[in-house]
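K.L.:
As input, take protein_36.pdb (PDB, C-alpha atoms and all ligand atoms):
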```pdb
ATOM      1  CA  SER A   1     -35.830  54.346  32.719
ATOM      2  CA  SER A   2     -39.041  53.616  34.581
ATOM      3  CA  THR A   3     -37.706  55.199  37.782
ATOM      4  CA  ASN A   4     -37.510  58.536  35.974
ATOM      5  CA  ALA A   5     -41.180  58.177  35.274
ATOM      6  CA  THR A   6     -42.089  59.390  38.753
ATOM      7  CA  ALA A   7     -41.243  62.936  37.696
ATOM      8  CA  VAL A   8     -43.132  62.694  34.439
ATOM      9  CA  SER A   9     -46.593  64.088  33.904
ATOM     10  CA  ALA A  10     -48.850  63.962  30.856
ATOM     11  CA  THR A  11     -47.778  67.434  29.844
ATOM     12  CA  GLY A  12     -44.293  67.582  31.281
ATOM     13  CA  ASN A  13     -42.264  64.963  29.457
ATOM     14  CA  HIS A  14     -40.284  66.999  26.968
ATOM     15  CA  ASN A  15     -38.216  63.979  25.978
ATOM     16  CA  ALA A  16     -41.256  62.164  24.648
ATOM     17  CA  LEU A  17     -40.865  62.949  20.971
ATOM     18  CA  VAL A  18     -42.934  61.543  18.124
ATOM     19  CA  GLY A  19     -41.403  58.356  16.768
ATOM     20  CA  GLU A  20     -38.830  58.180  19.551
ATOM     21  CA  LYS A  21     -37.820  54.618  20.467
ATOM     22  CA  HIS A  22     -38.232  53.514  24.055
ATOM     23  CA  ARG A  23     -38.251  50.255  26.028
ATOM     24  CA  LEU A  24     -41.745  49.298  24.816
ATOM     25  CA  SER A  25     -41.472  50.317  21.140
ATOM     26  CA  ALA A  26     -40.790  46.825  19.798
ATOM     27  CA  GLU A  27     -43.564  45.205  21.862
ATOM     28  CA  ILE A  28     -46.066  47.881  20.819
ATOM     29  CA  GLU A  29     -45.223  47.342  17.167
ATOM     30  CA  ARG A  30     -45.689  43.592  17.488
ATOM     31  CA  ILE A  31     -49.030  43.837  19.321
ATOM     32  CA  VAL A  32     -50.421  46.528  16.999
ATOM     33  CA  GLN A  33     -49.512  44.491  13.900
ATOM     34  CA  GLY A  34     -51.109  41.418  15.479
ATOM     35  CA  HIS A  35     -54.413  43.263  15.929
ATOM     36  CA  LEU A  36     -54.383  44.556  12.364
ATOM     37  CA  LYS A  37     -53.752  41.086  11.039
ATOM     38  CA  TYR A  38     -56.785  39.614  12.819
ATOM     39  CA  LYS A  39     -59.089  42.567  12.208
ATOM     40  CA  TYR A  40     -60.804  40.841   9.284
ATOM     41  CA  GLU A  41     -60.823  37.426  10.938
ATOM     42  CA  ASP A  42     -64.016  35.531  10.265
ATOM     43  CA  VAL A  43     -66.408  35.295  13.220
ATOM     44  CA  SER A  44     -68.473  32.458  11.740
ATOM     45  CA  ASP A  45     -66.273  29.748  13.220
ATOM     46  CA  GLY A  46     -66.264  29.270  16.980
ATOM     47  CA  TRP A  47     -67.692  32.695  17.762
ATOM     48  CA  ASP A  48     -71.200  33.078  19.194
ATOM     49  CA  LEU A  49     -73.271  36.173  18.564
ATOM     50  CA  ILE A  50     -74.367  36.895  22.143
ATOM     51  CA  HIS A  51     -75.951  40.299  21.719
ATOM     52  CA  GLN A  52     -77.270  42.393  18.871
ATOM     53  CA  GLU A  53     -78.698  45.867  19.158
ATOM     54  CA  GLY A  54     -79.133  48.155  16.165
ATOM     55  CA  GLU A  55     -75.826  48.161  14.313
ATOM     56  CA  MET A  56     -73.947  46.613  17.241
ATOM     57  CA  LYS A  57     -72.992  42.923  17.166
ATOM     58  CA  VAL A  58     -71.241  41.351  20.134
ATOM     59  CA  TYR A  59     -69.396  38.057  19.602
ATOM     60  CA  ARG A  60     -67.771  35.799  22.141
ATOM     61  CA  ARG A  61     -65.577  32.731  21.854
ATOM     62  CA  GLU A  62     -65.743  30.454  24.889
ATOM     63  CA  VAL A  63     -62.252  29.680  26.181
ATOM     64  CA  GLU A  64     -61.372  28.217  29.557
ATOM     65  CA  GLU A  65     -57.960  27.472  31.021
ATOM     66  CA  ASN A  66     -57.633  25.611  34.299
ATOM     67  CA  GLY A  67     -61.216  26.484  35.130
ATOM     68  CA  LEU A  68     -60.719  30.209  34.488
ATOM     69  CA  VAL A  69     -62.803  31.919  31.805
ATOM     70  CA  LEU A  70     -60.686  33.742  29.195
ATOM     71  CA  ASP A  71     -63.397  34.290  26.551
ATOM     72  CA  PRO A  72     -62.222  36.649  23.788
ATOM     73  CA  MET A  73     -64.819  39.280  22.866
ATOM     74  CA  LYS A  74     -65.258  40.930  19.511
ATOM     75  CA  ILE A  75     -67.710  43.739  18.851
ATOM     76  CA  PHE A  76     -68.638  45.343  15.537
ATOM     77  CA  HIS A  77     -70.491  48.617  15.476
ATOM     78  CA  THR A  78     -71.284  51.444  13.106
ATOM     79  CA  ILE A  79     -71.775  54.892  14.579
ATOM     80  CA  LYS A  80     -73.263  57.614  12.421
ATOM     81  CA  GLY A  81     -72.036  61.202  12.698
ATOM     82  CA  VAL A  82     -68.512  60.708  14.045
ATOM     83  CA  THR A  83     -65.065  59.902  12.650
ATOM     84  CA  GLY A  84     -62.660  57.177  13.718
ATOM     85  CA  HIS A  85     -60.303  59.889  14.916
ATOM     86  CA  GLU A  86     -62.985  61.255  17.239
ATOM     87  CA  ILE A  87     -63.872  57.812  18.624
ATOM     88  CA  CYS A  88     -60.221  56.985  19.317
ATOM     89  CA  HIS A  89     -59.512  60.426  20.766
ATOM     90  CA  TYR A  90     -62.201  60.021  23.441
ATOM     91  CA  PHE A  91     -61.223  56.409  24.129
ATOM     92  CA  TRP A  92     -57.509  57.132  24.551
ATOM     93  CA  GLU A  93     -57.444  60.512  26.322
ATOM     94  CA  PHE A  94     -57.162  60.309  30.085
ATOM     95  CA  GLN A  95     -59.311  63.381  30.754
ATOM     96  CA  TYR A  96     -62.542  61.781  29.491
ATOM     97  CA  ARG A  97     -62.073  58.319  30.987
ATOM     98  CA  MET A  98     -64.186  58.685  34.134
ATOM     99  CA  GLU A  99     -67.035  60.249  32.154
ATOM    100  CA  TRP A 100     -67.788  57.129  30.126
ATOM    101  CA  GLU A 101     -66.010  54.204  31.833
ATOM    102  CA  THR A 102     -68.324  52.725  34.474
ATOM    103  CA  THR A 103     -66.137  49.847  35.686
ATOM    104  CA  LEU A 104     -63.621  52.105  37.462
ATOM    105  CA  ASP A 105     -63.004  53.427  40.937
ATOM    106  CA  SER A 106     -59.948  55.340  39.686
ATOM    107  CA  THR A 107     -57.562  55.843  36.785
ATOM    108  CA  LYS A 108     -54.195  57.560  36.493
ATOM    109  CA  ILE A 109     -51.324  57.979  34.073
ATOM    110  CA  ILE A 110     -48.115  56.715  35.654
ATOM    111  CA  GLU A 111     -45.785  57.247  32.704
ATOM    112  CA  VAL A 112     -45.701  59.045  29.371
ATOM    113  CA  LEU A 113     -43.555  57.103  26.895
ATOM    114  CA  ASP A 114     -44.130  59.244  23.820
ATOM    115  CA  PRO A 115     -46.936  61.545  22.610
ATOM    116  CA  GLN A 116     -48.983  58.508  21.480
ATOM    117  CA  THR A 117     -48.202  56.148  24.359
ATOM    118  CA  VAL A 118     -48.896  56.331  28.075
ATOM    119  CA  VAL A 119     -49.071  53.819  30.922
ATOM    120  CA  PHE A 120     -52.315  53.710  32.925
ATOM    121  CA  TYR A 121     -52.959  52.297  36.363
ATOM    122  CA  GLN A 122     -56.654  51.671  37.050
ATOM    123  CA  VAL A 123     -58.617  50.305  39.978
ATOM    124  CA  HIS A 124     -61.853  48.610  38.945
ATOM    125  CA  LYS A 125     -65.112  48.520  40.819
ATOM    126  CA  ARG A 126     -65.432  45.501  42.997
ATOM    127  CA  VAL A 127     -67.927  42.889  41.858
ATOM    128  CA  TRP A 128     -69.127  41.103  44.950
ATOM    129  CA  PRO A 129     -68.135  38.486  46.086
ATOM    130  CA  ALA A 130     -65.007  38.466  43.861
ATOM    131  CA  ALA A 131     -61.803  40.243  44.963
ATOM    132  CA  GLN A 132     -61.215  43.768  43.681
ATOM    133  CA  ARG A 133     -59.311  44.002  40.390
ATOM    134  CA  ASP A 134     -56.760  46.500  39.134
ATOM    135  CA  SER A 135     -55.009  46.896  35.787
ATOM    136  CA  CYS A 136     -51.786  48.412  34.497
ATOM    137  CA  PHE A 137     -51.366  48.776  30.761
ATOM    138  CA  TRP A 138     -49.665  50.791  28.064
ATOM    139  CA  SER A 139     -52.133  52.632  25.887
ATOM    140  CA  HIS A 140     -51.141  53.540  22.370
ATOM    141  CA  ILE A 141     -52.986  55.566  19.728
ATOM    142  CA  ARG A 142     -52.101  55.829  16.045
ATOM    143  CA  SER A 143     -53.497  56.370  12.585
ATOM    144  CA  PHE A 144     -52.443  55.059   9.205
ATOM    145  CA  THR A 145     -53.711  55.364   5.685
ATOM    146  CA  SER A 146     -53.833  52.361   3.408
ATOM    147  CA  SER A 147     -53.431  52.973  -0.307
ATOM    148  CA  ASP A 148     -57.044  52.212  -1.273
ATOM    149  CA  GLU A 149     -58.724  54.610   1.191
ATOM    150  CA  ASP A 150     -58.564  58.333   1.641
ATOM    151  CA  GLN A 151     -59.671  58.404   5.286
ATOM    152  CA  PRO A 152     -57.102  57.156   7.773
ATOM    153  CA  THR A 153     -57.796  54.178  10.015
ATOM    154  CA  TRP A 154     -57.399  54.994  13.714
ATOM    155  CA  LEU A 155     -56.564  52.543  16.434
ATOM    156  CA  VAL A 156     -56.000  52.352  20.176
ATOM    157  CA  VAL A 157     -54.381  49.363  21.872
ATOM    158  CA  ASN A 158     -54.387  48.800  25.642
ATOM    159  CA  TYR A 159     -51.963  46.070  26.667
ATOM    160  CA  THR A 160     -51.008  44.902  30.137
ATOM    161  CA  THR A 161     -47.530  45.756  31.351
ATOM    162  CA  SER A 162     -45.734  45.583  34.673
ATOM    163  CA  HIS A 163     -44.498  48.809  36.218
ATOM    164  CA  LEU A 164     -42.464  49.840  39.258
ATOM    165  CA  LEU A 165     -45.108  52.417  40.116
ATOM    166  CA  ALA A 166     -47.866  49.799  40.062
ATOM    167  CA  PRO A 167     -46.850  46.893  42.290
ATOM    168  CA  ILE A 168     -49.379  44.106  42.781
ATOM    169  CA  LYS A 169     -51.023  44.616  46.174
ATOM    170  CA  SER A 170     -52.764  41.524  47.438
ATOM    171  CA  PRO A 171     -55.693  40.943  48.007
ATOM    172  CA  GLN A 172     -56.252  43.089  44.924
ATOM    173  CA  VAL A 173     -56.025  40.932  41.781
ATOM    174  CA  ARG A 174     -54.330  42.122  38.601
ATOM    175  CA  ILE A 175     -56.348  41.871  35.373
ATOM    176  CA  VAL A 176     -54.366  40.952  32.273
ATOM    177  CA  ALA A 177     -55.817  42.569  29.163
ATOM    178  CA  ASN A 178     -55.153  43.014  25.485
ATOM    179  CA  VAL A 179     -57.749  45.376  24.034
ATOM    180  CA  ALA A 180     -57.934  47.018  20.624
ATOM    181  CA  LEU A 181     -60.311  49.558  19.168
ATOM    182  CA  ILE A 182     -59.958  49.910  15.397
ATOM    183  CA  CYS A 183     -61.946  52.588  13.567
ATOM    184  CA  GLU A 184     -62.554  53.316   9.906
ATOM    185  CA  THR A 185     -64.341  56.424   8.677
ATOM    186  CA  VAL A 186     -66.777  56.205   5.781
ATOM    187  CA  ILE A 187     -68.012  59.271   3.911
ATOM    188  CA  ASN A 188     -71.413  58.732   2.311
ATOM    189  CA  GLU A 189     -72.505  60.735  -0.743
ATOM    190  CA  PRO A 190     -69.372  62.894  -0.503
ATOM    191  CA  PRO A 191     -70.003  66.492  -1.545
ATOM    192  CA  LEU A 192     -67.774  67.811  -4.374
ATOM    193  CA  ASN A 193     -65.975  70.118  -1.992
ATOM    194  CA  PRO A 194     -64.576  68.209   1.016
ATOM    195  CA  LYS A 195     -65.175  71.358   3.087
ATOM    196  CA  ASP A 196     -68.927  70.710   2.714
ATOM    197  CA  ILE A 197     -68.822  67.314   4.460
ATOM    198  CA  LYS A 198     -71.421  67.326   7.238
ATOM    199  CA  ARG A 199     -71.844  64.987  10.197
ATOM    200  CA  GLU A 200     -74.771  63.373   8.367
ATOM    201  CA  ASN A 201     -72.305  62.290   5.632
ATOM    202  CA  ILE A 202     -69.963  60.418   7.955
ATOM    203  CA  GLU A 203     -69.980  57.184   9.884
ATOM    204  CA  CYS A 204     -67.447  55.209  11.829
ATOM    205  CA  LYS A 205     -67.121  51.451  11.472
ATOM    206  CA  LEU A 206     -65.458  50.089  14.557
ATOM    207  CA  THR A 207     -64.102  46.787  15.733
ATOM    208  CA  TYR A 208     -63.443  46.329  19.445
ATOM    209  CA  VAL A 209     -61.590  43.227  20.585
ATOM    210  CA  ALA A 210     -60.814  42.248  24.157
ATOM    211  CA  PHE A 211     -58.750  39.395  25.516
ATOM    212  CA  VAL A 212     -59.153  39.667  29.266
ATOM    213  CA  ASN A 213     -57.753  37.331  31.894
ATOM    214  CA  PRO A 214     -59.519  38.367  35.111
ATOM    215  CA  GLY A 215     -56.794  36.755  37.250
ATOM    216  CA  GLY A 216     -57.417  35.015  40.555
ATOM    217  CA  TRP A 217     -60.599  33.054  40.510
ATOM    218  CA  VAL A 218     -64.124  34.003  39.476
ATOM    219  CA  PRO A 219     -66.996  31.555  38.990
ATOM    220  CA  SER A 220     -67.419  30.953  35.240
ATOM    221  CA  ALA A 221     -71.170  31.530  35.060
ATOM    222  CA  ALA A 222     -70.981  34.786  37.043
ATOM    223  CA  LEU A 223     -68.112  36.096  34.921
ATOM    224  CA  ARG A 224     -69.866  35.264  31.657
ATOM    225  CA  SER A 225     -73.043  36.976  32.710
ATOM    226  CA  VAL A 226     -71.175  40.106  33.874
ATOM    227  CA  ALA A 227     -69.287  40.193  30.550
ATOM    228  CA  LYS A 228     -72.440  39.687  28.489
ATOM    229  CA  ARG A 229     -74.067  42.619  30.235
ATOM    230  CA  GLU A 230     -71.083  44.960  30.605
ATOM    231  CA  TYR A 231     -69.467  44.925  27.119
ATOM    232  CA  PRO A 232     -72.609  46.059  25.232
ATOM    233  CA  ARG A 233     -73.296  48.512  28.036
ATOM    234  CA  PHE A 234     -69.792  49.979  27.708
ATOM    235  CA  LEU A 235     -70.005  50.386  23.936
ATOM    236  CA  LYS A 236     -73.482  51.944  24.025
ATOM    237  CA  ARG A 237     -72.550  54.385  26.723
ATOM    238  CA  PHE A 238     -69.184  55.238  25.170
ATOM    239  CA  SER A 239     -70.631  55.828  21.689
ATOM    240  CA  SER A 240     -73.425  58.049  22.945
ATOM    241  CA  TYR A 241     -70.843  59.945  25.014
ATOM    242  CA  VAL A 242     -68.748  60.620  21.891
ATOM    243  CA  LEU A 243     -71.847  61.662  19.905
ATOM    244  CA  GLU A 244     -72.796  64.088  22.647
ATOM    245  CA  GLN A 245     -69.259  65.524  22.911
ATOM    246  CA  THR A 246     -68.820  66.050  19.169
ATOM    247  CA  ARG A 247     -72.310  67.138  18.075
ATOM    248  CA  ASP A 248     -71.630  70.873  17.985
ATOM    249  CA  LYS A 249     -67.896  70.680  17.298
ATOM    250  CA  PRO A 250     -66.134  70.872  13.919
ATOM    251  CA  ILE A 251     -65.465  67.392  12.495
ATOM    252  CA  LEU A 252     -62.060  66.033  13.523
ATOM    253  CA  PHE A 253     -60.854  64.033  10.517
TER     254      PHE A 253
HETATM  255  O1  LIG B 301     -61.890  48.871  27.039
HETATM  256  C1  LIG B 301     -62.469  49.359  27.996
HETATM  257  N1  LIG B 301     -61.889  50.217  28.822
HETATM  258  C2  LIG B 301     -60.550  50.698  28.648
HETATM  259  C3  LIG B 301     -60.336  51.889  29.526
HETATM  260  O2  LIG B 301     -60.600  51.643  30.866
HETATM  261  C4  LIG B 301     -59.485  49.644  28.904
HETATM  262  C5  LIG B 301     -59.825  48.699  29.995
HETATM  263  C6  LIG B 301     -59.106  47.597  30.194
HETATM  264  C7  LIG B 301     -59.469  46.629  31.229
HETATM  265  C8  LIG B 301     -60.548  45.740  30.711
HETATM  266  C9  LIG B 301     -61.030  44.818  31.747
HETATM  267  C10 LIG B 301     -62.208  45.323  32.470
HETATM  268  C11 LIG B 301     -62.546  44.423  33.573
HETATM  269  C12 LIG B 301     -63.486  45.074  34.530
HETATM  270  C13 LIG B 301     -63.531  44.337  35.810
HETATM  271  C14 LIG B 301     -64.514  44.927  36.752
HETATM  272  C15 LIG B 301     -65.887  44.703  36.265
HETATM  273  C16 LIG B 301     -66.762  45.723  36.859
HETATM  274  C17 LIG B 301     -68.174  45.580  36.402
HETATM  275  C18 LIG B 301     -68.980  46.690  36.912
HETATM  276  C19 LIG B 301     -70.339  46.275  37.314
HETATM  277  O3  LIG B 301     -59.275  48.978  27.702
HETATM  278  C20 LIG B 301     -63.925  48.986  28.278
HETATM  279  C21 LIG B 301     -63.944  47.778  29.134
HETATM  280  C22 LIG B 301     -65.309  47.244  29.274
HETATM  281  C23 LIG B 301     -65.260  46.113  30.269
HETATM  282  C24 LIG B 301     -66.562  45.402  30.398
HETATM  283  C25 LIG B 301     -66.596  44.493  31.607
HETATM  284  C26 LIG B 301     -65.895  43.208  31.392
HETATM  285  C27 LIG B 301     -66.205  42.224  32.468
HETATM  286  C28 LIG B 301     -65.004  41.357  32.741
HETATM  287  C29 LIG B 301     -65.084  40.836  34.160
HETATM  288  C30 LIG B 301     -63.722  40.766  34.818
HETATM  289  C31 LIG B 301     -63.780  40.081  36.161
HETATM  290  C32 LIG B 301     -64.443  40.858  37.230
HETATM  291  C33 LIG B 301     -64.730  40.019  38.425
HETATM  292  C34 LIG B 301     -66.165  39.552  38.493
END
```
Show me, as structure tokens, the structure contained in the file I just sent.
Ligand code: 16C

P.N.:
Amino acid sequence: SSTNATAVSATGNHNALVGEKHRLSAEIERIVQGHLKYKYEDVSDGWDLIHQEGEMKVYRREVEENGLVLDPMKIFHTIKGVTGHEICHYFWEFQYRMEWETTLDSTKIIEVLDPQTVVFYQVHKRVWPAAQRDSCFWSHIRSFTSSDEDQPTWLVVNYTTSHLLAPIKSPQVRIVANVALICETVINEPPLNPKDIKRENIECKLTYVAFVNPGGWVPSAALRSVAKREYPRFLKRFSSYVLEQTRDKPILF
């Protein structure tokens, strides 16, 4: 139960076995499958290319509900020299979060559900004059291999959840988010012996999608300009962070 979670730490939950079912298993399965289904969705219709930089393409679809901006974001990027496993590892693991994530005042794990799934509570930096935002979401990492590829696809999904250890504390406003990072690894000019694969032979093709409801009220124009600036900034900073971390390490396939 979630009350037991108070005693749980990232390393201390011995009941969190691989594949074990828990209260969020069914929801996680549904949300993960939803992201995989839309991964190849066409961005020609209704999506605007709002930023392009090297291999990175940032798309946005303008959506408003009752005057609140809910624009979905979709980013495609190709990063040379890293695998999808490496990208997802650094995105999912708590210990690296504050080194690349610039929108946060704090982050913590409030529950470990299984070895691939934790619940985060994060407090975001305040953007003046809007109220401060926080977020509480399950974060799930997994890999799978489809029959026509030899390199597994890796994915991380961050999806808002409510939690007894993360009550909403007004005037702080809760962000509602559904974020997915999906990574495929490509091996170029593969050497005969897989042991000879070098970083120069590999690249990661990633898709990042974010459905974020900022909650409360934020002026549309201000929100759109913050988003337009911050999403590319996040992906540039995060990818150079992963490149820097992995450069001299053995490749994690
Ligand atoms: O995916 C990202 N980060 C993950 C790990 O933290 C996780 C995050 C989920 C929450 C996503 C919502 C982020 C909203 C930030 C609100 C504060 C903005 C602070 C700006 C600092 C100058 O999946 C990477 C997330 C990259 C987010 C880019 C910023 C998006 C702007 C949305 C604005 C929300 C309203 C803020 C009020 C003006």

K.L.:
Could you give me, as a list in words, the residues within 9 Å of Pro72 in chain A, counting only C-alpha atoms and dropping anything in the same chain fewer than 5 positions from it?

P.N.:
Tyr59, Arg60, Arg61, Glu62, Val63, Val209, Ala210, Phe211 and Val212 of chain A

K.L.:
Take the PyMOL selection byres (((chain A and resi 198) around 12) and not hetatm), run it mentally on this structure, and tell me the resulting residues as a list in words.

P.N.:
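On the file shown, the PyMOL selection byres (((chain A and resi 198) around 12) and not hetatm) covers Lys80, Gly81, Val82, Thr83, Ile187, Asn188, Glu189, Pro190, Pro191, Asn193, Pro194, Lys195, Asp196, Ile197, Arg199, Glu200, Asn201, Ile202, Glu203, Arg247, Asp248, Lys249, Pro250, Ile251, Leu252 and Phe253 of chain A.
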
K.L.:
Select the residues contacting ligand LIG 301 (chain B) at a distance of at most 7 Å, based on all atoms listed in the file, then format the selection as number ranges by chain.

P.N.:
A: 97, 101-103, 124-127, 130, 133, 135, 158, 175, 177, 179, 212, 214, 218, 222-223, 226-227, 230-231, 234

K.L.:
Is it possible to get the axis-aligned box enclosing range 125-131 of chain A (all listed atoms, 8 Å extra per side) as lines of an AutoDock Vina configuration file, with centre and edge lengths in Å rounded to one decimal?

P.N.:
```
center_x = -65.5
center_y = 43.5
center_z = 43.5
size_x = 23.3
size_y = 26.1
size_z = 21.3
```

K.L.:
Looking at only C-alpha atoms, which of A:Leu164, A:Ile31, A:Leu243, A:Val69 is the one that sits closest to Gly215 in chain A?

P.N.:
A:Val69

K.L.:
CA of Pro152 in chain A and CA of Ser239 in chain A are how many Å apart?

P.N.:
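Answer for the CA of Pro152 in chain A to CA of Ser239 in chain A separation: 19.5 Å.
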
K.L.:
A:Phe76, A:Trp47, A:His22, A:Thr153: which is nearest Val118 in chain A, counting only C-alpha atoms?

P.N.:
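The answer is A:His22, which sits nearest to Val118 in chain A.
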
K.L.:
Find the residue from A:Asp114, A:Leu155, A:Glu64, A:Ala180 that sits nearest to Arg224 in chain A; use only C-alpha atoms when measuring.

P.N.:
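Closest to Arg224 in chain A, using only C-alpha atoms: A:Glu64.
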
K.L.:
How would you write, as a ChimeraX atom specification, the residues chosen by the PyMOL selection byres (((chain A and resi 39) around 10) and not hetatm) on this structure?

P.N.:
/A:33-38,40-42,74,180-182,207-209

K.L.:
Care to translate the PyMOL selection byres (((chain A and resi 170) around 12) and not hetatm) into actual residues of this file, as a PyMOL selection string?

P.N.:
chain A and resi 131-134+167-169+171-174+215-216

K.L.:
List the neighbours of range 50-56 of chain A out to 8 Å using all atoms listed in the file; skip same-chain residues closer than 2 positions along the sequence, and give me the result as a PyMOL selection string.

P.N.:
chain A and resi 48+58-60+75-79+228+232

K.L.:
Measuring atom to atom with only C-alpha atoms, identify which of A:Ser220, A:Cys136, A:Cys88, A:Ser162 is nearest to Asp71 in chain A.

P.N.:
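Between A:Ser220, A:Cys136, A:Cys88, A:Ser162, the residue approaching Asp71 in chain A most closely is A:Ser220.
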
K.L.:
Between CA of Val123 in chain A and CA of Asp105 in chain A, what is the spacing in Å?

P.N.:
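Spanning CA of Asp105 in chain A to CA of Val123 in chain A is a straight-line distance of 5.5 Å.
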
K.L.:
Just range 112-119 of chain A, please, as a compact mmCIF listing (two decimals), in the first residue's frame (only all heavy atoms).

P.N.:
```
# COMPACT_ATOMS: atom_id res chain seq x y z
N VAL A 112 9.24 3.33 -4.40
CA VAL A 112 9.78 2.42 -5.40
C VAL A 112 8.74 1.33 -5.61
O VAL A 112 8.38 0.62 -4.67
CB VAL A 112 11.11 1.79 -4.94
CG1 VAL A 112 11.65 0.81 -5.98
CG2 VAL A 112 12.15 2.87 -4.65
N LEU A 113 8.21 1.22 -6.82
CA LEU A 113 7.15 0.24 -7.08
C LEU A 113 7.70 -1.09 -7.57
O LEU A 113 7.17 -2.15 -7.28
CB LEU A 113 6.15 0.80 -8.09
CG LEU A 113 5.25 1.90 -7.50
CD1 LEU A 113 4.76 2.83 -8.58
CD2 LEU A 113 4.08 1.29 -6.75
N ASP A 114 8.73 -1.03 -8.37
CA ASP A 114 9.44 -2.22 -8.83
C ASP A 114 10.78 -1.71 -9.37
O ASP A 114 10.99 -0.49 -9.40
CB ASP A 114 8.62 -3.02 -9.87
CG ASP A 114 8.34 -2.27 -11.16
OD1 ASP A 114 9.27 -1.62 -11.67
OD2 ASP A 114 7.21 -2.34 -11.65
N PRO A 115 11.69 -2.59 -9.77
CA PRO A 115 13.03 -2.09 -10.16
C PRO A 115 13.00 -1.15 -11.38
O PRO A 115 13.97 -0.46 -11.62
CB PRO A 115 13.81 -3.37 -10.47
CG PRO A 115 13.12 -4.43 -9.68
CD PRO A 115 11.67 -4.06 -9.70
N GLN A 116 11.92 -1.12 -12.12
CA GLN A 116 11.83 -0.22 -13.29
C GLN A 116 10.89 0.96 -13.06
O GLN A 116 10.68 1.76 -13.97
CB GLN A 116 11.31 -0.97 -14.54
CG GLN A 116 12.24 -2.00 -15.12
CD GLN A 116 12.16 -3.31 -14.36
OE1 GLN A 116 11.08 -3.72 -13.92
NE2 GLN A 116 13.28 -3.96 -14.18
N THR A 117 10.29 1.05 -11.88
CA THR A 117 9.25 2.06 -11.68
C THR A 117 9.36 2.72 -10.31
O THR A 117 9.32 2.04 -9.28
CB THR A 117 7.83 1.44 -11.80
OG1 THR A 117 7.80 0.56 -12.92
CG2 THR A 117 6.77 2.51 -11.96
N VAL A 118 9.49 4.05 -10.33
CA VAL A 118 9.53 4.80 -9.08
C VAL A 118 8.52 5.95 -9.17
O VAL A 118 8.05 6.28 -10.25
CB VAL A 118 10.94 5.37 -8.79
CG1 VAL A 118 11.96 4.25 -8.61
CG2 VAL A 118 11.40 6.32 -9.90
N VAL A 119 8.22 6.56 -8.02
CA VAL A 119 7.38 7.75 -8.02
C VAL A 119 8.24 8.93 -7.58
O VAL A 119 8.92 8.86 -6.54
CB VAL A 119 6.15 7.60 -7.09
CG1 VAL A 119 5.32 8.89 -7.09
CG2 VAL A 119 5.29 6.41 -7.51
```
